[in-house]
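Accompanying notes for the structure given below.
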Amino acid sequence: MRWLVGWSSAAVGQVPGVRPGRTLRPVGAQLLWGDPDPLWMVGDWRADEVRIVHAENGSVARLAVLGRCAASDADLRVGLFAARGGALRHLTAWAGSYTCVLQIGRRITVLGDLAGARPVFHTQWARGTAYGTAALPLADLTEAALDVTYLAALLACPDSPEALGEGTPYAGVRRVPPGHALIMRDGVPEVSGYEPTASLAVAGTPAAHADPDLAIAGIRDALVDAVRTRLAQPRFVPDPGEDPAPGIGADLSGGSASSTLALLAAGLPGMPGTPLGHGSAAGQRLLAVTFNDLATGSVQAREAELERARSMAADPRLHHVVVPGGPESLPYADLDSGPLTDEPGPSLITAERHRRRLAAGGADHFVGHGARQVLDAHPARLADLLMDRRRRGLLRPVTALARADGPSGRSVLVPFTVYRAARRLARTSYRQGVADVAARLLDRRFEEHGGALAASLAALAWCRPGPAARWLTGEALAEVSVRLQDAAARPGAMVERPGERRARAALARHAADHRVFEQAAEVRSQRLHAPFLDNQVVRACRALPETLRVQPGARATILRSVLAGAGIRELPPGWGVNSHVSTAVAVRAGLRSAVDDLLDLFEAPLLADAGLVEARVVRAALRAAAEGEPVAVDGLTDLVATEVWLRRLLARRGSCWTGTEVPEQRAVAGGVQRLSL
């Protein structure tokens with residue numbers, strides 16, 4: 001786990017006693033710059049991932065960029081001077097994925113990314129503000145207790161910013177929203193957006209009228225630049241005995257996202273291996289990894305996916321590795337071990353499964369995470385089309401939804417049902433939509449578990465309860481309902497269109513889960529790269545016309561055009577097949593296999609001590625799911641992941657800080673008795 005941490009102190013003379021920076025420091029940290037507003041980096045950062053440029057006129061003006069960034073040192077200096085004049089967005093326009101920390105005199109600015117995969121957190125401390133790219137160290141610094149109401153909101157409405165706000169699992173530690181910067185002057189924090197915004201209530205978005213060919217060309221250029229940025233970095237050779245292979249690897253499945261990145265990385269000029277010849281074929285071949293799930297799914301489906309992967313791996317610049325996965329790699333396996341992540345997430349349940357695949361990959365490894373969220377159309381975008389009077393754009397998506405669950409007697413009524421739901425959302429104000437969900441939580445009105453059509457109809461709302469909400473206690477749901485009611489009553493209510501807002505919220509939730517995935521499935525000396533979550537790729541994808549985005553199979557069509565524009569035109573039959581069905585099958589199979597351990601886990605759960613669930617209710621749901629009854633398994637996954645995370649958090653020893661002024665207690669010290677609503 002790698003992170004940055006620092007603070008902005010109050011004005012000189014306002015803090016009595018010794019300045020904290022002299023006696024308090026993070027464990028294992030390296031100082032980037034010192035008092036009175038120090039900045040540290042912690043973890044196994046590589047030398048080429050850290051760059052600092054200074055102004056040449058002798059003033060205190062410096063910029064630290066950590067991560068993979070395509071900017072040259074000259075570009076960074078130009079960015080430093082542009083940011084001094086207030087052009088913060090300029091610092092987010094380079095290809096790659098990175099965090100920027102800017103200091104101009106006593107003013108410190110920390111920029112998060114557009115998706116939220118590189119978050120920024122802050123908290124009040126010592127009459128100033130401490131900030132970091134991880135929340136747990138800040139919780140240790142302030143001896144924060146758990147924010148159980150936030151955990152309730154995370155379970156009840158995981159993709160609703162109205163319920164989550166800017167909170168974290170730790171009381172007093174706040175998250176900077178995606179697309180915003182944290183600006184501190186003499187310890188006083190301010191959160192400011194750096195991305196231009198416009199009212200979307202009446203006139204259509206610029207993307208609505210964009211040229212489709214130009215939009216796809218923009219996505220191609222952004223993805224090529226993102227991949228090239230990683231290829232241009234010095235190759236890393238892990239120490240002997242460590243899992244990842246030297247050089248660059250990529251996931252390669254029969255799907256569209258990961259295979260697009262693998263084919264681009266193999267086809268661009270450069271050497272995916274290492275300069276000294278370590279790795280396959282003198283370092284000139286990309287290591288492509290395919291996970292073969294032998295424990296679930298039909299043999300025919302597995303063979304079809306493997307055949308598609310082998311067909312793409314026939315490229316002479318690809319070295320193909322197939323990683324078999326048996327029952328030991330099912331979801332819910334080996335929950336007793338694993339690292340402590342910054343917050344809970346569903347990846348805690350599948351970490352061992354992913355770690356087996358990633359251990360066979362490269363020291364720098366591409367994954368296709370985020371493609372669905374930046375390219376696909378959230379169902380609520382159908383309401384945006386109605387607001388733009390583009391009813392013709394609804395024809396193909398609603399017809400596809402009518403066929404999603406197979407033929408039935410009511411299929412002829414589905415297009416009208418979808419149209420009516422989209423029209424209702426288009427005519428519902430933001431405040432009313434949020435207030436309606438608050439009332440639904442109080443009345444315990446949840447959607448019945450159904451197929452793709454039911455899920456799409458439920459998503460045609462400003463926000464909605466999550467799959468785990470049905471198992472929360474009435475008290476927990478009441479707390480979340482109050483949060484929603486406060487958001488609905490807040491002045492200056494959101495004027496974004498429902499589809500735009502829901503799509504941004506879904507991307508932010510996925511990016512947060514991706515960060516948990518990186519921490520939970522971490523392989524030592526390996527870096528995971530998710531170019532679809534890069535700023536420039538996100539911006540390019542936002543320029544897609546909605547009418548193109550909402551079409552059935554849009555993601556595969558767009559990425560096929562991206563590859564064609566890069567000179568890759570021959571793709572195997574079935575390329576771009578949806579893999580979510582097989583994932584759901586694996587999750588249910590893993591639950592059946594581990595049900596006895598899960599029942600033991602919820603014999604006396606910490607979630608029940610916190611007042612969030614009743615143990616007997618969850619145990620009954622686990623038994624029903626294991627027996628094949630129609631239960632929202634995703635909700636049970638969220639509950640199990642949160643319970644596992646709580647146990648790891650409360651079992652940890654030590655603190656992230658050392659020195660004579662180190663806090664007396666670690667975060668959530670005191671144990672379970674502090675878990676109360």
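Here's how to read the names in the structure tokens: chain A, B, ... by the order shown, residue numbers from 1 in each chain, ligand numbers from 1 in the order shown.
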
| field | Who sits within 6 Å of Pro244 of chain A, only C-alpha atoms, same chain under 6 positions skipped, as number ranges by chain | value | A: 359-363

| Nearby residues (only C-alpha atoms) at most 6 Å from segment 618-635 of chain A, same-chain spacing under 2 positions excluded, as a PyMOL selection string | chain A and resi 449+467-468+592+599+615-616+637-638

Segment 352-355 of chain A environment, 9 Å, only C-alpha atoms, sequence neighbours closer than 5 positions dropped, as an mmCIF file with C-alpha atoms, in the first residue's frame:
data_model
loop_
_atom_site.group_PDB
_atom_site.id
_atom_site.type_symbol
_atom_site.label_atom_id
_atom_site.label_comp_id
_atom_site.auth_asym_id
_atom_site.auth_seq_id
_atom_site.Cartn_x
_atom_site.Cartn_y
_atom_site.Cartn_z
ATOM 1 C CA PHE A 291 -7.932 -16.918 -16.028
ATOM 2 C CA GLY A 325 -8.671 -21.789 -11.092
ATOM 3 C CA GLU A 328 -9.764 -22.948 -3.998
ATOM 4 C CA SER A 329 -10.111 -19.793 -6.139
ATOM 5 C CA LEU A 330 -13.859 -19.365 -5.765
ATOM 6 C CA PRO A 331 -15.193 -16.155 -4.199
ATOM 7 C CA TYR A 332 -15.388 -16.252 -0.364
ATOM 8 C CA ALA A 333 -12.228 -18.379 -0.239
ATOM 9 C CA ASP A 334 -9.601 -17.680 2.445
ATOM 10 C CA LEU A 335 -11.388 -14.798 4.194
ATOM 11 C CA GLY A 338 -5.563 -10.798 3.685
ATOM 12 C CA SER A 347 -13.166 -7.144 -3.716
ATOM 13 C CA ALA A 360 1.173 -14.678 -13.053
ATOM 14 C CA PHE A 517 -9.292 -4.154 -5.208
ATOM 15 C CA ALA A 520 -6.886 -6.388 -1.274
ATOM 16 C CA ALA A 521 -5.347 -8.317 -4.201
ATOM 17 C CA GLU A 522 -1.965 -6.601 -4.072
ATOM 18 C CA VAL A 523 0.994 -8.621 -5.327
#

| Rounded to one decimal in Å, what is the spacing between atom CA of Ala476 of chain A and atom CA of Ala153 of chain A? |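 If I compute the distance from atom CA of Ala476 of chain A to atom CA of Ala153 of chain A, I get 8.3 Å.
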
| request: Might you pull out every residue within 10 Å of segment 77-82 of chain A, with only C-alpha atoms counted and same-chain residues fewer than 5 positions away left off, and present them as a list of chain:residue names? | output: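 Those residues are A:Ile52, A:Val53, A:His54, A:Ala55, A:Glu56, A:Ala61, A:Arg62, A:Leu63, A:Ala64, A:Ala71, A:Ser72, A:Ala87, A:Leu88, A:Arg89, A:His90, A:Leu91, A:Thr92, A:Ala93, A:Trp94, A:Leu102, A:Gln103, A:Ile104.
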
Given the selection you just returned, output its residues as a file containing N, CA and C atoms, formatted as an mmCIF file, in the first residue's frame.
data_model
loop_
_atom_site.group_PDB
_atom_site.id
_atom_site.type_symbol
_atom_site.label_atom_id
_atom_site.label_comp_id
_atom_site.auth_asym_id
_atom_site.auth_seq_id
_atom_site.Cartn_x
_atom_site.Cartn_y
_atom_site.Cartn_z
ATOM 1 N N ILE A 52 9.538 15.937 -8.505
ATOM 2 C CA ILE A 52 9.286 17.231 -7.874
ATOM 3 C C ILE A 52 10.007 18.302 -8.685
ATOM 4 N N VAL A 53 9.284 19.347 -9.032
ATOM 5 C CA VAL A 53 9.902 20.487 -9.722
ATOM 6 C C VAL A 53 9.702 21.732 -8.862
ATOM 7 N N HIS A 54 10.678 22.641 -8.931
ATOM 8 C CA HIS A 54 10.663 23.870 -8.141
ATOM 9 C C HIS A 54 10.692 25.071 -9.075
ATOM 10 N N ALA A 55 10.133 26.167 -8.596
ATOM 11 C CA ALA A 55 10.266 27.427 -9.322
ATOM 12 C C ALA A 55 11.719 27.876 -9.266
ATOM 13 N N GLU A 56 12.178 28.534 -10.301
ATOM 14 C CA GLU A 56 13.590 28.901 -10.397
ATOM 15 C C GLU A 56 13.879 30.314 -9.913
ATOM 16 N N ALA A 61 7.692 27.680 -4.381
ATOM 17 C CA ALA A 61 6.713 27.200 -5.353
ATOM 18 C C ALA A 61 7.224 25.876 -5.893
ATOM 19 N N ARG A 62 6.515 24.809 -5.614
ATOM 20 C CA ARG A 62 6.969 23.486 -6.031
ATOM 21 C C ARG A 62 5.772 22.597 -6.305
ATOM 22 N N LEU A 63 6.000 21.610 -7.148
ATOM 23 C CA LEU A 63 4.963 20.686 -7.579
ATOM 24 C C LEU A 63 5.497 19.267 -7.482
ATOM 25 N N ALA A 64 4.776 18.414 -6.743
ATOM 26 C CA ALA A 64 5.111 16.992 -6.652
ATOM 27 C C ALA A 64 4.069 16.206 -7.445
ATOM 28 N N ALA A 71 3.869 13.698 -18.652
ATOM 29 C CA ALA A 71 4.486 15.014 -18.775
ATOM 30 C C ALA A 71 5.995 14.930 -18.577
ATOM 31 N N SER A 72 6.720 15.684 -19.376
ATOM 32 C CA SER A 72 8.158 15.814 -19.183
ATOM 33 C C SER A 72 8.419 16.794 -18.043
ATOM 34 N N ALA A 87 -4.768 28.014 -12.879
ATOM 35 C CA ALA A 87 -5.190 27.024 -13.877
ATOM 36 C C ALA A 87 -4.929 25.610 -13.365
ATOM 37 N N LEU A 88 -5.698 25.186 -12.369
ATOM 38 C CA LEU A 88 -5.475 23.862 -11.773
ATOM 39 C C LEU A 88 -5.779 22.734 -12.748
ATOM 40 N N ARG A 89 -6.756 22.940 -13.613
ATOM 41 C CA ARG A 89 -7.126 21.873 -14.541
ATOM 42 C C ARG A 89 -5.955 21.477 -15.435
ATOM 43 N N HIS A 90 -5.050 22.405 -15.669
ATOM 44 C CA HIS A 90 -3.880 22.113 -16.500
ATOM 45 C C HIS A 90 -3.074 20.950 -15.919
ATOM 46 N N LEU A 91 -3.081 20.818 -14.593
ATOM 47 C CA LEU A 91 -2.309 19.754 -13.942
ATOM 48 C C LEU A 91 -2.967 18.385 -14.090
ATOM 49 N N THR A 92 -4.198 18.354 -14.565
ATOM 50 C CA THR A 92 -4.913 17.080 -14.703
ATOM 51 C C THR A 92 -5.027 16.637 -16.155
ATOM 52 N N ALA A 93 -4.392 17.363 -17.068
ATOM 53 C CA ALA A 93 -4.601 17.121 -18.496
ATOM 54 C C ALA A 93 -3.553 16.225 -19.125
ATOM 55 N N TRP A 94 -2.556 15.786 -18.368
ATOM 56 C CA TRP A 94 -1.545 14.899 -18.935
ATOM 57 C C TRP A 94 -2.033 13.460 -18.929
ATOM 58 N N LEU A 102 0.629 20.655 -4.933
ATOM 59 C CA LEU A 102 1.194 21.945 -5.318
ATOM 60 C C LEU A 102 1.339 22.818 -4.079
ATOM 61 N N GLN A 103 2.508 23.416 -3.880
ATOM 62 C CA GLN A 103 2.722 24.344 -2.778
ATOM 63 C C GLN A 103 3.199 25.683 -3.331
ATOM 64 N N ILE A 104 2.429 26.717 -3.048
ATOM 65 C CA ILE A 104 2.784 28.093 -3.397
ATOM 66 C C ILE A 104 2.785 28.891 -2.093
#

| said: What's the separation between atom CA of Pro663 of chain A and atom CA of Met1 of chain A, in Å to one decimal place? | reply: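 Those two atoms sit 21.6 Å apart.
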
| said: Can you pull out every residue from segment 70-191 of chain A that DSSP, working from the backbone, puts in strand (DSSP E or B), and format the result as a count of residues only? | reply: 38

| request: Please provide as a list of chain:residue names all residues within 10 Å of Arg470 of chain A, with the sequence filter that same-chain residues fewer than 3 positions apart are discarded (counting only C-alpha atoms). | output: A:Leu155, A:Ala156, A:Leu441, A:Arg444, A:Arg445, A:Phe446, A:Glu447, A:Pro465, A:Gly466, A:Pro467, A:Thr473, A:Gly474, A:Leu477, A:Val613, A:Ala632, A:Gly635

Selected residues written out with N, CA, C and O atoms, as a PDB file, in the first residue's frame:
ATOM      1  N   LEU A 155     -23.863   0.490   2.933  1.00  0.00           N
ATOM      2  CA  LEU A 155     -24.611  -0.739   2.686  1.00  0.00           C
ATOM      3  C   LEU A 155     -25.983  -0.461   2.104  1.00  0.00           C
ATOM      4  O   LEU A 155     -26.469  -1.203   1.247  1.00  0.00           O
ATOM      5  N   ALA A 156     -26.629   0.617   2.554  1.00  0.00           N
ATOM      6  CA  ALA A 156     -28.001   0.898   2.132  1.00  0.00           C
ATOM      7  C   ALA A 156     -28.070   1.538   0.755  1.00  0.00           C
ATOM      8  O   ALA A 156     -28.943   1.205  -0.049  1.00  0.00           O
ATOM      9  N   LEU A 441     -36.909   3.763   2.271  1.00  0.00           N
ATOM     10  CA  LEU A 441     -36.089   3.105   3.292  1.00  0.00           C
ATOM     11  C   LEU A 441     -36.862   2.981   4.595  1.00  0.00           C
ATOM     12  O   LEU A 441     -36.813   1.936   5.270  1.00  0.00           O
ATOM     13  N   ARG A 444     -39.326   0.292   4.266  1.00  0.00           N
ATOM     14  CA  ARG A 444     -38.723  -0.989   3.872  1.00  0.00           C
ATOM     15  C   ARG A 444     -39.331  -1.505   2.572  1.00  0.00           C
ATOM     16  O   ARG A 444     -39.693  -2.683   2.442  1.00  0.00           O
ATOM     17  N   ARG A 445     -39.420  -0.634   1.579  1.00  0.00           N
ATOM     18  CA  ARG A 445     -39.924  -1.015   0.258  1.00  0.00           C
ATOM     19  C   ARG A 445     -38.734  -1.191  -0.676  1.00  0.00           C
ATOM     20  O   ARG A 445     -38.097  -0.225  -1.071  1.00  0.00           O
ATOM     21  N   PHE A 446     -38.425  -2.434  -1.009  1.00  0.00           N
ATOM     22  CA  PHE A 446     -37.275  -2.747  -1.848  1.00  0.00           C
ATOM     23  C   PHE A 446     -37.735  -3.521  -3.075  1.00  0.00           C
ATOM     24  O   PHE A 446     -38.750  -4.223  -3.036  1.00  0.00           O
ATOM     25  N   GLU A 447     -36.932  -3.399  -4.155  1.00  0.00           N
ATOM     26  CA  GLU A 447     -37.260  -4.142  -5.369  1.00  0.00           C
ATOM     27  C   GLU A 447     -37.064  -5.635  -5.137  1.00  0.00           C
ATOM     28  O   GLU A 447     -36.173  -6.055  -4.414  1.00  0.00           O
ATOM     29  N   PRO A 465     -32.167   2.262  -3.229  1.00  0.00           N
ATOM     30  CA  PRO A 465     -31.531   1.426  -2.205  1.00  0.00           C
ATOM     31  C   PRO A 465     -30.628   0.382  -2.836  1.00  0.00           C
ATOM     32  O   PRO A 465     -30.890  -0.116  -3.937  1.00  0.00           O
ATOM     33  N   GLY A 466     -29.546   0.044  -2.141  1.00  0.00           N
ATOM     34  CA  GLY A 466     -28.635  -0.984  -2.605  1.00  0.00           C
ATOM     35  C   GLY A 466     -29.158  -2.367  -2.270  1.00  0.00           C
ATOM     36  O   GLY A 466     -30.132  -2.529  -1.517  1.00  0.00           O
ATOM     37  N   PRO A 467     -28.523  -3.417  -2.787  1.00  0.00           N
ATOM     38  CA  PRO A 467     -29.019  -4.779  -2.561  1.00  0.00           C
ATOM     39  C   PRO A 467     -28.935  -5.241  -1.117  1.00  0.00           C
ATOM     40  O   PRO A 467     -29.662  -6.156  -0.718  1.00  0.00           O
ATOM     41  N   THR A 473     -31.152  -3.104   9.850  1.00  0.00           N
ATOM     42  CA  THR A 473     -32.174  -2.878  10.873  1.00  0.00           C
ATOM     43  C   THR A 473     -32.934  -1.592  10.581  1.00  0.00           C
ATOM     44  O   THR A 473     -32.482  -0.723   9.826  1.00  0.00           O
ATOM     45  N   GLY A 474     -34.098  -1.456  11.207  1.00  0.00           N
ATOM     46  CA  GLY A 474     -34.882  -0.244  11.038  1.00  0.00           C
ATOM     47  C   GLY A 474     -34.152   0.993  11.510  1.00  0.00           C
ATOM     48  O   GLY A 474     -34.261   2.070  10.901  1.00  0.00           O
ATOM     49  N   LEU A 477     -31.572   1.990   8.823  1.00  0.00           N
ATOM     50  CA  LEU A 477     -32.238   2.582   7.665  1.00  0.00           C
ATOM     51  C   LEU A 477     -32.760   3.979   7.989  1.00  0.00           C
ATOM     52  O   LEU A 477     -32.752   4.867   7.126  1.00  0.00           O
ATOM     53  N   VAL A 613     -27.315  -4.866  11.585  1.00  0.00           N
ATOM     54  CA  VAL A 613     -28.048  -6.043  11.126  1.00  0.00           C
ATOM     55  C   VAL A 613     -28.454  -6.869  12.339  1.00  0.00           C
ATOM     56  O   VAL A 613     -27.968  -6.663  13.454  1.00  0.00           O
ATOM     57  N   ALA A 632     -30.786 -11.701  -3.282  1.00  0.00           N
ATOM     58  CA  ALA A 632     -29.847 -10.707  -3.817  1.00  0.00           C
ATOM     59  C   ALA A 632     -28.445 -11.015  -3.290  1.00  0.00           C
ATOM     60  O   ALA A 632     -28.019 -10.496  -2.255  1.00  0.00           O
ATOM     61  N   GLY A 635     -26.003  -8.239  -2.357  1.00  0.00           N
ATOM     62  CA  GLY A 635     -26.181  -7.637  -1.038  1.00  0.00           C
ATOM     63  C   GLY A 635     -25.486  -8.430   0.051  1.00  0.00           C
ATOM     64  O   GLY A 635     -24.883  -7.860   0.966  1.00  0.00           O
TER      65      GLY A 635
END

| said: Could you list, as a list in words, every residue within 10 Å of Val644 of chain A, counting only C-alpha atoms and ignoring same-chain residues fewer than 2 positions away? | reply: Leu335, Asp336, Ser337, Gly338, Leu340, Pro344, Gly345, Leu348, Ile349, Leu601, Pro605, Leu606, Leu607, Asp638, Leu639, Val640, Ala641, Thr642, Leu646, Arg647, Arg648 and Leu649 of chain A

Expected file: the selected residues, N, CA and C atoms, as a tab-separated table (two decimals), in the first residue's frame:
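Contents of part-v2.tsv, as written:
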chain	number	residue	atom	x	y	z
A	335	LEU	N	-11.04	-16.11	3.62
A	335	LEU	CA	-11.39	-14.80	4.19
A	335	LEU	C	-10.65	-14.52	5.49
A	336	ASP	N	-10.03	-15.52	6.07
A	336	ASP	CA	-9.35	-15.34	7.35
A	336	ASP	C	-8.03	-14.59	7.19
A	337	SER	N	-7.50	-14.54	5.99
A	337	SER	CA	-6.24	-13.84	5.78
A	337	SER	C	-6.43	-12.77	4.72
A	338	GLY	N	-5.49	-11.87	4.67
A	338	GLY	CA	-5.56	-10.80	3.68
A	338	GLY	C	-5.22	-9.47	4.32
A	340	LEU	N	-5.33	-5.39	5.32
A	340	LEU	CA	-6.35	-4.43	5.71
A	340	LEU	C	-6.42	-3.34	4.66
A	344	PRO	N	-14.16	-0.95	3.36
A	344	PRO	CA	-14.69	-2.22	2.86
A	344	PRO	C	-15.06	-2.13	1.39
A	345	GLY	N	-15.12	-3.28	0.73
A	345	GLY	CA	-15.51	-3.34	-0.67
A	345	GLY	C	-15.70	-4.78	-1.09
A	348	LEU	N	-12.92	-7.68	-1.35
A	348	LEU	CA	-12.44	-8.49	-0.23
A	348	LEU	C	-12.89	-9.93	-0.37
A	349	ILE	N	-14.03	-10.15	-1.03
A	349	ILE	CA	-14.57	-11.49	-1.18
A	349	ILE	C	-13.88	-12.25	-2.30
A	601	LEU	N	-19.25	-16.97	10.77
A	601	LEU	CA	-18.86	-15.56	10.79
A	601	LEU	C	-19.98	-14.68	11.33
A	605	PRO	N	-21.79	-11.37	14.81
A	605	PRO	CA	-21.10	-10.41	13.93
A	605	PRO	C	-20.93	-9.04	14.57
A	606	LEU	N	-19.86	-8.37	14.19
A	606	LEU	CA	-19.65	-7.00	14.64
A	606	LEU	C	-20.70	-6.07	14.06
A	607	LEU	N	-21.21	-6.39	12.89
A	607	LEU	CA	-22.28	-5.57	12.32
A	607	LEU	C	-23.51	-5.56	13.22
A	638	ASP	N	-21.82	-7.69	-0.01
A	638	ASP	CA	-21.50	-6.43	0.66
A	638	ASP	C	-21.48	-6.60	2.18
A	639	LEU	N	-22.44	-7.35	2.72
A	639	LEU	CA	-22.48	-7.58	4.17
A	639	LEU	C	-21.26	-8.37	4.64
A	640	VAL	N	-20.94	-9.43	3.93
A	640	VAL	CA	-19.80	-10.26	4.33
A	640	VAL	C	-18.50	-9.45	4.23
A	641	ALA	N	-18.35	-8.68	3.15
A	641	ALA	CA	-17.13	-7.89	2.98
A	641	ALA	C	-16.98	-6.87	4.11
A	642	THR	N	-18.07	-6.24	4.52
A	642	THR	CA	-18.00	-5.25	5.59
A	642	THR	C	-17.68	-5.91	6.93
A	646	LEU	N	-14.32	-5.14	9.12
A	646	LEU	CA	-14.37	-4.72	10.52
A	646	LEU	C	-13.48	-5.60	11.39
A	647	ARG	N	-13.50	-6.88	11.16
A	647	ARG	CA	-12.69	-7.78	11.98
A	647	ARG	C	-11.20	-7.55	11.75
A	648	ARG	N	-10.81	-7.32	10.51
A	648	ARG	CA	-9.40	-7.02	10.24
A	648	ARG	C	-9.00	-5.69	10.86
A	649	LEU	N	-9.89	-4.71	10.82
A	649	LEU	CA	-9.58	-3.40	11.37
A	649	LEU	C	-9.39	-3.47	12.88

| Closest to Ala438 of chain A among A:Asp486, A:Asp384, A:Glu305, A:Glu343, using only C-alpha atoms? |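 The shortest atom-to-atom distance to Ala438 of chain A comes from A:Asp486.
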
| field | Between atom CA of Leu114 of chain A and atom CA of Ala426 of chain A - distance in Å to one decimal | value |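 Going from atom CA of Ala426 of chain A over to atom CA of Leu114 of chain A, I get 25.9 Å.
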
| So, counting only C-alpha atoms, which residue among A:Pro36, A:Gly132, A:Pro327, A:Gly179 is closest to Leu591 of chain A? |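 Once distances to Leu591 of chain A are computed over only C-alpha atoms, the minimum belongs to A:Pro327.
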